[in-house]
Structures are given as structure tokens and as C-alpha cells.
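Visitor: Dropping a structure here in C-alpha cells format, bear with me for questions.
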Amino acid sequence: MEFYIQELPDGQATLMTRDGLYLFTFRSLALARQACADWYRVHGHVSSVPSRLSDGNVSCSVF
């Protein structure tokens, strides 16, 4: 699954799916990135694709 993080003008960040479904709005970009990283870790994607959570990766892209 691919996630996107939309930064908001007030410093909050919304985590959403590729299809545009809003999942949750976090108090900060760091918290949204952590939630994305946690999802991949829980679902076992980290071991199969170790660089998946790095900045610039489409799996957790920020816009």
C-alpha cells in the first residue's frame, strides 16, 4: 500500500491513501511519518524492502 502525507499550513499533516482517502490528521509531519513507518513495520514490509521508508520514497511521499 502506498501512503501520502499532506502538509497543512498550520503544521499538521494528514496521512492518506493513494486513492485520496484521508486516514488521520496528525499534529506534525514527524508524527505522520512515524505512523507510516509503523504501518510498514507491523505489516512486515520493512524486511522485504529495507529502504521503503526513506525520504523521497513514494510509499510515504510528502506533498
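Here, A, B, ... name the chains of the C-alpha cells in the order displayed, residue numbers run from 1 inside each chain, and ligands are numbered from 1 in the same displayed order.
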Which residues come within 9 Å of Tyr4 of chain A, counting only C-alpha atoms, excluding same-chain residues fewer than 4 positions away, as number ranges by chain?
Guide: A: 14-18, 20, 36, 58-63
Visitor: So that I have them on file, write out the residues from the current selection with C-alpha atoms, as a PDB file, in the first residue's frame.
Guide:
ATOM      1  CA  THR A  14      -2.743  14.309   7.007  1.00  0.00           C
ATOM      2  CA  LEU A  15      -1.981  10.688   6.159  1.00  0.00           C
ATOM      3  CA  MET A  16      -3.903   9.474   3.117  1.00  0.00           C
ATOM      4  CA  THR A  17      -4.030   6.598   0.658  1.00  0.00           C
ATOM      5  CA  ARG A  18      -3.076   6.751  -2.992  1.00  0.00           C
ATOM      6  CA  GLY A  20      -7.210  10.082  -1.744  1.00  0.00           C
ATOM      7  CA  CYS A  36       3.534   5.428   8.113  1.00  0.00           C
ATOM      8  CA  VAL A  58       6.596   7.151  -2.939  1.00  0.00           C
ATOM      9  CA  SER A  59       5.369   4.816  -0.178  1.00  0.00           C
ATOM     10  CA  CYS A  60       5.308   7.748   2.272  1.00  0.00           C
ATOM     11  CA  SER A  61       5.604  10.745  -0.024  1.00  0.00           C
ATOM     12  CA  VAL A  62       5.069  14.202   1.427  1.00  0.00           C
ATOM     13  CA  PHE A  63       3.355  16.921  -0.602  1.00  0.00           C
TER      14      PHE A  63
END
Visitor: Report, in Å to a single decimal, how far apart atom CA of Ala13 of chain A and atom CA of Thr25 of chain A are.
Guide: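 Between these atoms lies a distance of 5.6 Å.
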Visitor: Taking 3 positions as the minimum chain separation for residues in the same chain, which residues sit within 10 Å of Asp10 of chain A when counting only C-alpha atoms? Answer as an MDAnalysis selection string.
Guide: chainID A and resid 7 13 27:28
Visitor: Please produce a file of the residues just selected, as a compact mmCIF listing (two decimals), in the first residue's frame, where the atoms kept are C-alpha atoms.
Guide:
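And here's again-v9.txt as it stands now:
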# COMPACT_ATOMS: atom_id res chain seq x y z
CA GLU A 7 1.38 19.05 4.99
CA ALA A 13 -0.07 16.59 8.45
CA ARG A 27 -0.20 17.29 14.95
CA SER A 28 3.06 17.25 12.99
Visitor: What does the structure give for the distance between atom CA of Trp39 of chain A and atom CA of Leu21 of chain A, in Å to one decimal?
Guide: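 Straight-line distance from atom CA of Trp39 of chain A to atom CA of Leu21 of chain A works out to 16.0 Å.
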Visitor: Please provide the set of residues having any atom within 12 Å of Asp19 of chain A, restricted to only C-alpha atoms, with same-chain residues fewer than 6 positions apart removed, written as a PyMOL selection string.
Guide: chain A and resi 1-4
Visitor: What does the distance between atom CA of Asp38 of chain A and atom CA of Pro9 of chain A come to in Å, to one decimal place?
Guide: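 About the pair atom CA of Asp38 of chain A and atom CA of Pro9 of chain A: they are 24.7 Å apart.
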